[in-house]
Amino acid sequence: MSEIVFLRCDGNNKDFIENCRLLDADLDLRVGKIIKRNKYAQYNLN
């Protein structure tokens with residue numbers, strides 16, 4: 001079993017960006033592409 005490492009980063013971290021891309025792709029499968037995701041935009045805080 002590998003060791004878990006926690007890393008504090010910002011939105012410029014390449015691994016964070018890739019993770020967000022993968023999560024968006026999964027969300028597209030669950031709710032039906034970006035058009036249907038617009039109703040959830042109010043919950044996204046930048």
# chains A, B, ... in the order shown; residues from 1 in each chain; ligands from 1

$ select_by_dssp --residues "chain A" --states "helix (DSSP H, G or I)" --output "ChimeraX atom specification"
/A:14-31,33-43

$ write_last_selection --atoms "C-alpha atoms" --output "PDB file, in the first residue's frame"
ATOM      1  CA  LYS A  14      -0.940  20.461 -13.226  1.00  0.00           C
ATOM      2  CA  ASP A  15      -2.239  17.536 -11.156  1.00  0.00           C
ATOM      3  CA  PHE A  16      -5.086  19.660  -9.778  1.00  0.00           C
ATOM      4  CA  ILE A  17      -6.028  20.769 -13.314  1.00  0.00           C
ATOM      5  CA  GLU A  18      -6.025  17.158 -14.540  1.00  0.00           C
ATOM      6  CA  ASN A  19      -8.138  16.058 -11.581  1.00  0.00           C
ATOM      7  CA  CYS A  20     -10.684  18.793 -12.363  1.00  0.00           C
ATOM      8  CA  ARG A  21     -10.774  17.684 -16.012  1.00  0.00           C
ATOM      9  CA  LEU A  22     -11.453  14.093 -14.981  1.00  0.00           C
ATOM     10  CA  LEU A  23     -14.146  15.157 -12.508  1.00  0.00           C
ATOM     11  CA  ASP A  24     -15.824  17.276 -15.209  1.00  0.00           C
ATOM     12  CA  ALA A  25     -15.790  14.302 -17.596  1.00  0.00           C
ATOM     13  CA  ASP A  26     -17.410  12.117 -14.925  1.00  0.00           C
ATOM     14  CA  LEU A  27     -20.010  14.798 -14.217  1.00  0.00           C
ATOM     15  CA  ASP A  28     -20.809  14.987 -17.940  1.00  0.00           C
ATOM     16  CA  LEU A  29     -21.595  11.265 -17.889  1.00  0.00           C
ATOM     17  CA  ARG A  30     -23.806  11.620 -14.815  1.00  0.00           C
ATOM     18  CA  VAL A  31     -25.870  14.690 -15.752  1.00  0.00           C
ATOM     19  CA  LYS A  33     -22.942  17.164 -20.811  1.00  0.00           C
ATOM     20  CA  ILE A  34     -22.154  20.779 -20.058  1.00  0.00           C
ATOM     21  CA  ILE A  35     -25.532  22.154 -21.217  1.00  0.00           C
ATOM     22  CA  LYS A  36     -27.345  20.411 -18.366  1.00  0.00           C
ATOM     23  CA  ARG A  37     -24.608  21.408 -15.921  1.00  0.00           C
ATOM     24  CA  ASN A  38     -25.518  25.089 -16.294  1.00  0.00           C
ATOM     25  CA  LYS A  39     -28.257  24.752 -13.684  1.00  0.00           C
ATOM     26  CA  TYR A  40     -25.557  23.847 -11.141  1.00  0.00           C
ATOM     27  CA  ALA A  41     -23.375  26.875 -11.962  1.00  0.00           C
ATOM     28  CA  GLN A  42     -24.818  28.826  -9.051  1.00  0.00           C
ATOM     29  CA  TYR A  43     -23.053  26.434  -6.683  1.00  0.00           C
TER      30      TYR A  43
END
